[in-house]
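**Q** What follows is start03.csv; its format and atoms are CSV, C-alpha atoms.
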```csv
chain,number,residue,atom,x,y,z
J,22,MET,CA,0.0,0.0,0.0
J,23,VAL,CA,2.9,2.4,0.8
J,24,ASP,CA,4.5,1.7,-2.5
J,25,LEU,CA,1.3,2.4,-4.4
J,26,THR,CA,0.9,5.7,-2.6
J,27,ILE,CA,4.4,6.7,-3.4
J,28,MET,CA,4.1,5.8,-7.1
J,29,TYR,CA,0.7,7.6,-7.3
J,30,SER,CA,2.3,10.8,-5.9
J,31,TRP,CA,5.3,10.3,-8.2
J,32,ASN,CA,3.1,10.1,-11.3
J,33,LEU,CA,1.1,13.2,-10.4
J,34,LEU,CA,4.2,15.3,-9.8
J,35,LEU,CA,5.7,14.1,-13.1
J,36,ILE,CA,2.5,15.2,-14.9
J,37,PHE,CA,2.5,18.7,-13.4
J,38,GLY,CA,6.2,19.2,-13.8
J,39,ALA,CA,6.9,19.7,-10.1
J,40,ILE,CA,9.9,17.4,-10.1
J,41,PRO,CA,13.2,18.8,-11.5
J,42,LEU,CA,14.7,16.9,-14.4
J,43,GLU,CA,17.6,15.5,-12.3
J,44,ALA,CA,15.0,14.1,-9.9
J,45,LYS,CA,13.2,12.3,-12.7
J,46,LEU,CA,16.5,10.8,-13.9
J,47,SER,CA,17.6,9.8,-10.4
J,48,GLN,CA,14.9,8.0,-8.5
J,49,ASP,CA,17.3,6.9,-5.9
J,50,ARG,CA,17.8,10.5,-4.9
J,51,VAL,CA,14.1,11.0,-4.5
J,52,PHE,CA,12.9,7.8,-3.0
J,53,THR,CA,15.6,7.2,-0.4
J,54,PRO,CA,15.3,9.8,2.3
J,55,ASP,CA,17.2,9.2,5.6
J,56,GLN,CA,15.0,6.5,7.2
J,57,LYS,CA,16.3,7.5,10.6
J,58,LEU,CA,14.3,10.7,10.2
J,59,VAL,CA,11.1,9.1,9.0
J,60,PRO,CA,8.9,7.7,11.8
J,61,PRO,CA,7.1,4.4,10.9
J,62,GLY,CA,3.9,5.0,8.9
J,63,ILE,CA,4.8,8.7,8.1
J,64,HIS,CA,5.3,9.5,4.5
J,65,ASN,CA,5.3,13.3,4.5
J,66,ALA,CA,9.1,13.3,4.4
J,67,VAL,CA,9.0,11.3,1.2
J,68,CYS,CA,6.6,13.9,-0.3
J,69,ARG,CA,8.8,16.7,0.9
J,70,GLU,CA,11.8,15.0,-0.7
J,71,ILE,CA,9.9,14.6,-4.0
J,72,TRP,CA,8.5,18.2,-4.0
J,73,ARG,CA,11.4,20.4,-5.2
J,74,PHE,CA,11.5,23.5,-7.4
J,75,PRO,CA,14.1,24.0,-10.1
J,76,GLU,CA,17.2,25.6,-8.7
J,77,ASN,CA,17.7,27.9,-11.7
J,78,LEU,CA,14.4,29.4,-12.7
J,79,PRO,CA,14.4,31.2,-16.0
J,80,ARG,CA,14.0,35.0,-15.7
J,81,THR,CA,12.6,37.4,-18.2
J,82,GLN,CA,14.7,40.5,-18.2
J,83,SER,CA,13.0,43.9,-19.1
J,84,THR,CA,14.5,45.7,-22.1
J,85,LEU,CA,13.6,49.0,-20.5
J,86,ALA,CA,16.2,51.1,-18.7
J,87,ILE,CA,15.2,52.0,-15.2
J,88,ASP,CA,15.0,55.7,-16.2
J,89,ASP,CA,12.4,54.8,-18.9
J,90,VAL,CA,10.0,53.2,-16.4
J,91,ASP,CA,7.0,55.5,-15.7
J,92,ILE,CA,5.7,55.4,-12.2
J,93,MET,CA,4.3,58.9,-12.1
J,94,THR,CA,1.3,58.6,-14.4
J,95,GLY,CA,-1.8,58.1,-12.2
J,96,SER,CA,0.3,58.0,-9.1
J,97,GLN,CA,-1.3,61.0,-7.4
J,98,PHE,CA,-4.5,59.1,-6.5
J,99,ASN,CA,-3.3,55.5,-6.9
J,100,GLY,CA,-4.4,53.4,-4.0
J,101,LEU,CA,-7.2,55.8,-2.9
J,102,THR,CA,-10.7,54.6,-3.6
J,103,THR,CA,-12.5,57.4,-5.4
J,104,TYR,CA,-15.6,57.1,-7.5
J,105,ALA,CA,-14.6,55.7,-11.0
J,106,ASN,CA,-11.0,56.4,-10.2
J,107,LEU,CA,-11.6,60.2,-10.5
J,108,PRO,CA,-9.2,62.7,-9.0
J,109,TYR,CA,-9.8,63.5,-5.3
J,110,LEU,CA,-10.2,67.1,-4.2
J,111,ASN,CA,-11.0,68.3,-0.7
J,112,CYS,CA,-13.8,70.6,-1.9
J,113,LEU,CA,-14.6,71.6,1.7
J,114,SER,CA,-11.2,73.3,2.2
J,115,ASP,CA,-10.8,76.8,0.8
J,116,LYS,CA,-7.1,76.3,0.7
J,117,GLU,CA,-7.1,73.0,-1.2
J,118,ALA,CA,-10.0,73.9,-3.5
J,119,GLU,CA,-8.4,77.3,-4.5
J,120,GLY,CA,-7.4,77.1,-8.1
J,121,ASN,CA,-9.0,73.7,-8.6
J,122,ARG,CA,-12.3,74.3,-10.2
J,123,TYR,CA,-14.8,71.6,-11.0
J,124,ASP,CA,-18.2,71.2,-12.8
J,125,ILE,CA,-19.5,68.1,-11.2
J,126,ALA,CA,-18.7,67.0,-7.7
J,127,ILE,CA,-19.2,63.5,-6.1
J,128,LEU,CA,-19.9,64.0,-2.4
J,129,GLY,CA,-20.3,61.3,0.2
J,130,ALA,CA,-22.9,61.6,3.0
J,131,PRO,CA,-22.2,58.9,5.5
J,132,PHE,CA,-25.4,59.2,7.6
J,133,ASP,CA,-27.9,56.5,8.6
J,134,THR,CA,-29.5,57.6,11.9
J,135,GLY,CA,-32.6,58.7,10.2
J,136,VAL,CA,-33.7,55.2,9.2
J,137,THR,CA,-36.8,53.3,10.4
J,138,ALA,CA,-35.5,49.9,9.6
J,139,ARG,CA,-32.0,48.4,9.0
J,140,PRO,CA,-29.0,50.8,9.5
J,141,GLY,CA,-25.8,50.6,7.6
J,142,ALA,CA,-26.1,53.2,4.9
J,143,ARG,CA,-23.3,55.3,6.6
J,144,TYR,CA,-21.0,52.9,4.7
J,145,GLY,CA,-22.9,53.4,1.5
J,146,PRO,CA,-20.5,56.0,0.0
J,147,ARG,CA,-17.5,53.7,0.5
J,148,GLY,CA,-19.5,50.7,-0.9
J,149,ILE,CA,-20.5,52.6,-4.0
J,150,ARG,CA,-16.9,53.8,-4.6
J,151,ILE,CA,-15.7,50.2,-4.3
J,152,GLY,CA,-18.4,49.1,-6.7
J,153,SER,CA,-17.1,51.7,-9.2
J,154,GLU,CA,-13.5,50.5,-9.2
J,155,ARG,CA,-13.7,48.9,-12.6
J,156,ILE,CA,-15.0,52.2,-14.1
J,157,ALA,CA,-12.2,54.4,-15.4
J,158,PRO,CA,-12.3,57.6,-17.4
J,159,ASP,CA,-10.2,56.2,-20.2
J,160,PHE,CA,-12.4,53.1,-20.5
J,161,ALA,CA,-16.0,54.4,-20.2
J,162,TRP,CA,-17.4,54.6,-23.7
J,163,SER,CA,-21.0,53.5,-23.6
J,164,VAL,CA,-22.2,50.9,-26.1
J,165,TYR,CA,-25.7,52.3,-25.8
J,166,THR,CA,-25.1,56.0,-26.2
J,167,GLY,CA,-21.6,56.1,-27.8
J,168,ARG,CA,-20.6,58.7,-25.2
J,169,ASN,CA,-18.0,58.9,-22.4
J,170,PRO,CA,-18.9,61.6,-19.9
J,171,PHE,CA,-15.4,61.7,-18.6
J,172,LYS,CA,-14.1,62.8,-22.0
J,173,SER,CA,-16.3,65.7,-22.5
J,174,TRP,CA,-16.4,69.4,-21.4
J,175,ALA,CA,-16.9,68.8,-17.7
J,176,THR,CA,-14.3,68.6,-14.9
J,177,ILE,CA,-15.5,65.9,-12.5
J,178,VAL,CA,-13.9,65.3,-9.1
J,179,ASP,CA,-14.6,63.2,-6.0
J,180,CYS,CA,-14.8,65.4,-2.9
J,181,GLY,CA,-14.7,62.5,-0.5
J,182,ASP,CA,-17.1,62.3,2.4
J,183,VAL,CA,-18.5,65.0,4.6
J,184,PRO,CA,-17.3,64.4,8.2
J,185,LEU,CA,-20.7,63.9,9.9
J,186,THR,CA,-21.2,63.1,13.6
J,187,TRP,CA,-23.1,59.9,14.4
J,188,LEU,CA,-24.2,61.1,17.8
J,189,ASP,CA,-26.6,64.0,17.0
J,190,ASN,CA,-28.8,64.1,13.9
J,191,ASN,CA,-29.4,67.9,14.2
J,192,VAL,CA,-25.6,68.6,14.2
J,193,ALA,CA,-24.9,66.0,11.4
J,194,LEU,CA,-27.6,67.5,9.1
J,195,ALA,CA,-26.3,71.0,9.8
J,196,GLN,CA,-22.9,69.8,8.8
J,197,LEU,CA,-24.3,68.3,5.6
J,198,ASP,CA,-26.2,71.5,4.9
J,199,LYS,CA,-23.1,73.6,5.2
J,200,ALA,CA,-21.0,71.1,3.1
J,201,HIS,CA,-23.5,71.3,0.2
J,202,THR,CA,-23.5,75.1,0.5
J,203,VAL,CA,-19.7,75.3,0.3
J,204,VAL,CA,-19.3,72.7,-2.5
J,205,SER,CA,-22.0,74.1,-4.7
J,206,GLY,CA,-20.9,77.7,-4.0
J,207,ARG,CA,-17.5,77.5,-5.7
J,208,LYS,CA,-16.9,78.7,-9.2
J,209,ALA,CA,-17.4,76.1,-11.9
J,210,SER,CA,-14.5,75.0,-14.0
J,211,ASN,CA,-16.3,76.0,-17.2
J,212,ASP,CA,-16.8,79.8,-17.2
J,213,SER,CA,-20.1,79.4,-19.0
J,214,PHE,CA,-21.7,78.1,-15.8
J,215,ALA,CA,-22.0,79.9,-12.4
J,216,HIS,CA,-21.9,76.9,-10.1
J,217,PRO,CA,-20.9,73.2,-10.1
J,218,ARG,CA,-23.5,70.5,-9.6
J,219,ILE,CA,-23.4,67.7,-7.0
J,220,ILE,CA,-24.1,64.0,-7.0
J,221,THR,CA,-24.5,62.8,-3.5
J,222,LEU,CA,-23.6,59.2,-2.4
J,223,GLY,CA,-25.8,58.3,0.6
J,224,GLY,CA,-26.3,57.7,3.3
J,225,ASP,CA,-29.9,57.2,4.1
J,226,HIS,CA,-32.6,59.2,2.3
J,227,THR,CA,-32.7,61.9,4.9
J,228,THR,CA,-29.6,63.3,3.3
J,229,THR,CA,-31.5,64.4,0.2
J,230,LEU,CA,-33.1,67.3,2.2
J,231,SER,CA,-29.7,69.0,2.5
J,232,ALA,CA,-29.1,68.6,-1.2
J,233,LEU,CA,-32.5,70.1,-2.0
J,234,ARG,CA,-31.8,73.1,0.3
J,235,SER,CA,-28.6,73.7,-1.5
J,236,THR,CA,-30.1,73.4,-5.0
J,237,TYR,CA,-32.9,75.8,-4.0
J,238,GLU,CA,-30.3,78.3,-2.9
J,239,ARG,CA,-28.4,78.1,-6.2
J,240,TRP,CA,-31.1,77.3,-8.7
J,241,GLY,CA,-34.5,77.9,-7.1
J,242,LYS,CA,-37.4,75.3,-6.9
J,243,VAL,CA,-36.9,71.9,-8.6
J,244,SER,CA,-39.1,69.1,-9.7
J,245,VAL,CA,-38.0,65.9,-7.9
J,246,ILE,CA,-37.9,62.7,-9.9
J,247,HIS,CA,-38.0,60.2,-7.0
J,248,PHE,CA,-37.1,56.6,-7.7
J,249,ASP,CA,-38.1,54.6,-4.7
J,250,SER,CA,-40.3,51.8,-3.4
J,251,HIS,CA,-41.7,54.2,-0.7
J,252,ILE,CA,-43.3,57.6,-1.1
J,253,ASP,CA,-41.2,59.4,1.6
J,254,THR,CA,-43.8,62.2,1.9
J,255,TRP,CA,-45.2,61.0,5.2
J,256,ASP,CA,-46.4,63.7,7.6
J,257,PRO,CA,-44.0,63.7,10.6
J,258,LYS,CA,-47.0,63.4,12.8
J,259,VAL,CA,-47.6,60.0,11.2
J,260,LEU,CA,-44.0,58.8,11.0
J,261,GLY,CA,-41.7,59.7,13.8
J,262,GLY,CA,-43.1,63.0,14.9
J,263,GLY,CA,-45.3,61.4,17.5
J,264,ILE,CA,-42.2,60.5,19.4
J,265,SER,CA,-40.5,63.9,19.2
J,266,ASP,CA,-39.8,66.7,16.8
J,267,TYR,CA,-36.2,65.4,16.6
J,268,ALA,CA,-37.5,62.0,15.3
J,269,GLY,CA,-39.9,63.7,12.9
J,270,LEU,CA,-37.1,64.3,10.4
J,271,ASN,CA,-36.2,61.0,8.9
J,272,HIS,CA,-35.8,59.1,5.6
J,273,GLY,CA,-39.6,58.8,5.3
J,274,THR,CA,-40.6,62.4,5.9
J,275,PHE,CA,-37.9,64.5,4.2
J,276,LEU,CA,-40.0,65.1,1.0
J,277,HIS,CA,-42.9,66.4,3.1
J,278,ILE,CA,-40.5,68.7,4.9
J,279,ALA,CA,-38.9,69.8,1.6
J,280,HIS,CA,-42.4,70.8,0.4
J,281,GLU,CA,-43.2,72.6,3.6
J,282,GLU,CA,-39.9,74.6,3.2
J,283,GLY,CA,-40.9,75.5,-0.3
J,284,LEU,CA,-38.0,73.7,-2.0
J,285,ILE,CA,-39.8,71.6,-4.6
J,286,CYS,CA,-42.3,72.2,-7.4
J,287,HIS,CA,-45.8,70.7,-7.8
J,288,THR,CA,-44.5,68.9,-10.8
J,289,SER,CA,-42.6,66.2,-8.9
J,290,ILE,CA,-43.1,62.5,-9.5
J,291,HIS,CA,-42.4,59.1,-7.8
J,292,ALA,CA,-41.3,56.1,-9.8
J,293,GLY,CA,-41.2,52.5,-8.7
J,294,ILE,CA,-43.6,52.8,-5.7
J,295,ARG,CA,-44.8,49.6,-4.1
J,296,GLY,CA,-44.2,49.9,-0.3
J,297,PRO,CA,-47.1,49.8,2.2
J,298,LEU,CA,-48.8,52.9,3.6
J,299,ALA,CA,-49.6,53.9,7.2
J,300,ARG,CA,-53.1,55.2,6.3
J,301,ARG,CA,-55.5,53.8,3.7
J,302,LYS,CA,-56.1,57.1,2.0
J,303,GLY,CA,-54.5,59.9,4.1
J,304,ASP,CA,-50.9,59.2,3.0
J,305,MET,CA,-51.6,59.5,-0.7
J,306,ARG,CA,-53.7,62.6,-0.2
J,307,ASN,CA,-50.8,64.2,1.6
J,308,ASP,CA,-48.5,63.0,-1.1
J,309,VAL,CA,-50.5,64.8,-3.8
J,310,ARG,CA,-50.6,67.9,-1.6
J,311,CYS,CA,-46.8,67.8,-1.5
J,312,GLY,CA,-46.8,68.0,-5.3
J,313,PHE,CA,-46.2,64.4,-6.4
J,314,SER,CA,-47.8,62.1,-8.9
J,315,THR,CA,-47.0,58.4,-8.8
J,316,ILE,CA,-45.8,55.6,-11.1
J,317,LYS,CA,-46.2,52.3,-9.3
J,318,ALA,CA,-43.7,49.5,-9.8
J,319,ARG,CA,-46.2,47.3,-11.6
J,320,ASP,CA,-47.1,50.1,-14.0
J,321,LEU,CA,-43.9,49.1,-15.9
J,322,ASP,CA,-45.6,45.8,-16.8
J,323,LYS,CA,-48.4,47.7,-18.5
J,324,VAL,CA,-46.7,50.6,-20.3
J,325,GLY,CA,-43.1,49.4,-20.5
J,326,ALA,CA,-39.9,51.5,-20.0
J,327,ALA,CA,-40.9,53.9,-22.8
J,328,GLY,CA,-44.2,54.6,-21.1
J,329,VAL,CA,-42.6,55.3,-17.8
J,330,ILE,CA,-40.1,57.6,-19.5
J,331,SER,CA,-42.9,59.4,-21.2
J,332,GLN,CA,-44.9,59.9,-18.0
J,333,ILE,CA,-41.8,61.3,-16.2
J,334,ARG,CA,-41.0,63.7,-19.0
J,335,ASP,CA,-44.6,64.9,-19.3
J,336,ARG,CA,-44.7,65.6,-15.6
J,337,VAL,CA,-41.5,67.6,-15.1
J,338,ARG,CA,-41.5,69.3,-18.6
J,339,ASP,CA,-39.0,72.1,-18.8
J,340,SER,CA,-38.5,72.7,-15.1
J,341,LYS,CA,-35.2,72.3,-13.3
J,342,VAL,CA,-34.9,68.7,-12.1
J,343,TYR,CA,-33.4,66.9,-9.1
J,344,ILE,CA,-33.1,63.1,-9.5
J,345,SER,CA,-33.1,61.0,-6.3
J,346,VAL,CA,-32.5,57.3,-6.5
J,347,ASP,CA,-33.2,55.1,-3.5
J,348,ILE,CA,-31.5,51.8,-4.4
J,349,ASP,CA,-34.5,50.0,-3.0
J,350,VAL,CA,-36.4,51.0,-6.2
J,351,LEU,CA,-34.7,47.8,-7.4
J,352,ASP,CA,-36.0,44.4,-6.5
J,353,PRO,CA,-34.1,42.8,-3.6
J,354,ALA,CA,-32.9,40.2,-6.2
J,355,PHE,CA,-30.9,43.0,-7.7
J,356,ALA,CA,-30.2,45.2,-4.7
J,357,PRO,CA,-30.4,43.3,-1.4
J,358,ALA,CA,-28.1,45.6,0.4
J,359,THR,CA,-30.6,48.3,1.5
J,360,GLY,CA,-32.3,49.3,4.7
J,361,THR,CA,-36.0,48.8,3.7
J,362,PRO,CA,-36.2,46.2,0.9
J,363,GLU,CA,-39.5,45.7,-0.8
J,364,VAL,CA,-40.1,42.7,-3.2
J,365,GLY,CA,-41.6,43.2,-6.6
J,366,GLY,CA,-39.3,46.0,-7.8
J,367,TRP,CA,-37.6,46.8,-11.0
J,368,THR,CA,-34.5,45.2,-12.5
J,369,THR,CA,-31.2,47.0,-12.8
J,370,ARG,CA,-31.5,47.1,-16.6
J,371,GLU,CA,-35.0,48.6,-16.4
J,372,LEU,CA,-33.9,51.4,-14.1
J,373,LEU,CA,-30.8,52.2,-16.3
J,374,THR,CA,-33.0,52.2,-19.4
J,375,ILE,CA,-35.4,54.7,-17.8
J,376,LEU,CA,-32.6,56.9,-16.6
J,377,ASP,CA,-31.0,57.0,-20.1
J,378,GLY,CA,-34.4,58.0,-21.4
J,379,LEU,CA,-34.4,61.2,-19.4
J,380,ASN,CA,-31.6,62.8,-21.5
J,381,GLY,CA,-32.0,66.5,-22.2
J,382,LEU,CA,-33.7,67.3,-18.9
J,383,ASP,CA,-32.2,70.2,-16.9
J,384,ILE,CA,-30.8,68.1,-14.1
J,385,ILE,CA,-29.1,70.3,-11.5
J,386,GLY,CA,-28.5,67.7,-8.8
J,387,ALA,CA,-28.8,64.0,-8.0
J,388,ASP,CA,-28.1,61.3,-5.5
J,389,VAL,CA,-28.0,57.5,-5.0
J,390,VAL,CA,-28.9,56.6,-1.4
J,391,GLU,CA,-29.8,53.8,1.0
J,392,VAL,CA,-26.9,51.5,0.0
J,393,SER,CA,-26.0,49.4,3.1
J,394,PRO,CA,-23.0,47.2,2.1
J,395,ILE,CA,-23.2,44.9,5.1
J,396,TYR,CA,-26.3,43.2,3.5
J,397,ASP,CA,-24.7,42.9,0.1
J,398,THR,CA,-23.8,39.6,-1.6
J,399,SER,CA,-20.2,38.4,-1.9
J,400,GLY,CA,-20.4,39.6,-5.6
J,401,GLN,CA,-21.3,43.2,-4.5
J,402,THR,CA,-24.5,43.1,-6.4
J,403,THR,CA,-26.0,46.3,-4.9
J,404,ALA,CA,-22.7,48.2,-5.0
J,405,LEU,CA,-22.2,47.5,-8.6
J,406,ALA,CA,-25.8,48.5,-9.5
J,407,ALA,CA,-25.5,51.8,-7.5
J,408,ALA,CA,-22.1,52.6,-9.1
J,409,GLU,CA,-23.7,52.2,-12.6
J,410,VAL,CA,-26.6,54.4,-11.6
J,411,VAL,CA,-24.2,57.1,-10.6
J,412,LEU,CA,-22.5,56.8,-14.0
J,413,SER,CA,-25.9,57.2,-15.7
J,414,LEU,CA,-26.5,60.4,-13.7
J,415,ILE,CA,-23.1,61.8,-14.6
J,416,GLU,CA,-23.8,61.2,-18.2
J,417,LEU,CA,-27.2,63.0,-18.0
J,418,MET,CA,-25.5,66.0,-16.4
J,419,VAL,CA,-22.7,66.1,-18.9
J,420,GLU,CA,-25.0,65.7,-21.9
J,421,ASN,CA,-27.1,68.8,-20.9
J,422,PRO,CA,-25.1,71.6,-19.3
J,423,VAL,CA,-27.5,73.8,-17.3
J,424,LYS,CA,-27.2,77.5,-17.2
J,425,HIS,CA,-29.1,79.8,-14.8
```
What do you get writing this file as structure tokens?

**A**
Amino acid sequence: MVDLTIMYSWNLLLIFGAIPLEAKLSQDRVFTPDQKLVPPGIHNAVCREIWRFPENLPRTQSTLAIDDVDIMTGSQFNGLTTYANLPYLNCLSDKEAEGNRYDIAILGAPFDTGVTARPGARYGPRGIRIGSERIAPDFAWSVYTGRNPFKSWATIVDCGDVPLTWLDNNVALAQLDKAHTVVSGRKASNDSFAHPRIITLGGDHTTTLSALRSTYERWGKVSVIHFDSHIDTWDPKVLGGGISDYAGLNHGTFLHIAHEEGLICHTSIHAGIRGPLARRKGDMRNDVRCGFSTIKARDLDKVGAAGVISQIRDRVRDSKVYISVDIDVLDPAFAPATGTPEVGGWTTRELLTILDGLNGLDIIGADVVEVSPIYDTSGQTTALAAAEVVLSLIELMVENPVKH
């Protein structure tokens, strides 16, 4: 039995070339280890004796002189995880941003203490950036549109995350308000435009309120195109406000509050809605009062992507537009990593098709929110989807420069 085991090992190693030539020619050298060192019944020493690497491995020498080797190209940000490998700029610092103008800013909002279900979206900005690692400015030509938004007129940077406290929502949202004001208040790189536009990486959906306050300050009222499984226009008295005023501002009430602050137009629209309501009729009555019409998730089955696109465009018409994408608009099969998943949602392809169909709209801000990486698959299904949605939003912004 011992001999059979040794011969089997010998044949395998010969097949895979693990035995040097001299070992193949000299079986005595391989099969005669010092028996004094081999306890009875132990054959690992034999295996170790067989398993040798060649003493002189062939080496491929580079024909480049050391002075000709380039390690500078791309080195400034190499190793840092920015969205789509874009340049990093600390847009919050006057000193660092001076002389470094930009037209579109990626801004992370790591906040998740406004949720009513699963937390974790504070890590969403990082997850989306990791999901975008395969996207690169030099390799981003779309097979659908024939465009590469990184090779157009716009200077696009990643501003990193806003440093938000996790201990007090009022302070954190005040920090986010100020960050949006600062980042959107700088001069755009292209002199034809007064201010840069921001795409926010959430964070839970509460963070959209800060973005809407900023867009109102720079651009006036906007029509919100709200991709979500939930309406998010709940009256704080219904969702959270019964506990305290502090709890009344959350990821399910921020659009109600945006309406009360006069930030949004009565030409806003939800798309992909399917989540449950707190009141049989009262929630939707309030939703209409807040200026929204609704496309339900199953409406896509009746009218198709083209019908959904048509309804959205007819609703917002020529108004300034803010697009907010809660990743839970997708079915959990395509985006499991979110705080409040709802079955029966859209596919990633359907969402991307609808977004591409909004080309030409005056989009002055956008976000992708509610990505909670801890619930994602090992293949990063949700992060990849969110990163692709951000790319679509960038393309929409680049395709249609918006002037005041």

**Q** With only C-alpha atoms as the counted atoms, please give the residues lying no more than 10 Å from Gly269 (chain J), apart from itself and same-chain residues fewer than 6 positions off, as a PyMOL selection string.

**A** chain J and resi 135+255-263+275+278

**Q** May I have the residues within 9 Å of Asp182 (chain J) as a list in words, using only C-alpha atoms and disregarding those fewer than 3 positions away in the same chain?

**A**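 What passes the distance filter is Ile127, Leu128, Gly129, Ala130, Pro131, Pro146, Arg147, Asp179, Leu185 and Leu222 of chain J.
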
**Q** Could you pull the residues within 6 Å of region 282-299 of chain J, counting all atoms listed in the file, minus those fewer than 3 positions along the same chain, as an MDAnalysis selection string?

**A** chainID J and resid 237 242:251 279 312:318 336:337 350

**Q** My list of candidates is J:Ile125, J:Ala404, J:Ile151, J:Val183. Which is closest to Ala209 (chain J) when distances are computed with all atoms listed in the file?

**A** J:Ile125

**Q** Nearest to Gly386 (chain J): which of J:Arg168, J:Lys341, J:Arg310, J:Lys116 is it, counting all atoms listed in the file?

**A** J:Lys341

**Q** For Ala408 (chain J), find every residue with an atom within 8 Å (counting all atoms listed in the file), except residues of its own chain fewer than 2 positions away, and show them as an MDAnalysis selection string.

**A** chainID J and resid 149:150 152:153 404:406 410:412

**Q** Would you mind completing region 297-312 of chain J so that it carries N, CA and C atoms, and writing it out as a compact mmCIF listing (two decimals), in the coordinates of the input?

**A**
```txt
# COMPACT_ATOMS: atom_id res chain seq x y z
N PRO J 297 -45.77 49.65 1.52
CA PRO J 297 -47.10 49.80 2.20
C PRO J 297 -47.22 51.24 2.76
N LEU J 298 -48.47 51.58 3.06
CA LEU J 298 -48.80 52.90 3.60
C LEU J 298 -49.23 52.77 5.05
N ALA J 299 -49.15 53.88 5.77
CA ALA J 299 -49.60 53.90 7.20
C ALA J 299 -51.09 54.12 7.28
N ARG J 300 -51.63 54.87 6.29
CA ARG J 300 -53.10 55.20 6.30
C ARG J 300 -53.65 54.79 4.92
N ARG J 301 -54.87 54.29 4.92
CA ARG J 301 -55.50 53.80 3.70
C ARG J 301 -55.53 54.84 2.60
N LYS J 302 -55.94 56.06 2.93
CA LYS J 302 -56.10 57.10 2.00
C LYS J 302 -55.27 58.39 2.33
N GLY J 303 -55.08 58.61 3.61
CA GLY J 303 -54.50 59.90 4.10
C GLY J 303 -53.06 60.08 3.57
N ASP J 304 -52.27 59.03 3.48
CA ASP J 304 -50.90 59.20 3.00
C ASP J 304 -50.81 59.67 1.59
N MET J 305 -51.63 59.10 0.73
CA MET J 305 -51.60 59.50 -0.70
C MET J 305 -52.22 60.88 -0.88
N ARG J 306 -53.21 61.23 -0.08
CA ARG J 306 -53.70 62.60 -0.20
C ARG J 306 -52.66 63.61 0.19
N ASN J 307 -51.92 63.33 1.23
CA ASN J 307 -50.80 64.20 1.60
C ASN J 307 -49.75 64.24 0.55
N ASP J 308 -49.52 63.10 -0.09
CA ASP J 308 -48.50 63.00 -1.10
C ASP J 308 -48.84 63.92 -2.31
N VAL J 309 -50.10 63.92 -2.70
CA VAL J 309 -50.50 64.80 -3.80
C VAL J 309 -50.41 66.26 -3.36
N ARG J 310 -50.75 66.56 -2.11
CA ARG J 310 -50.60 67.90 -1.60
C ARG J 310 -49.14 68.38 -1.65
N CYS J 311 -48.22 67.44 -1.49
CA CYS J 311 -46.80 67.80 -1.50
C CYS J 311 -46.27 67.92 -2.97
N GLY J 312 -47.14 67.71 -3.96
CA GLY J 312 -46.80 68.00 -5.30
C GLY J 312 -46.33 66.80 -6.16
```
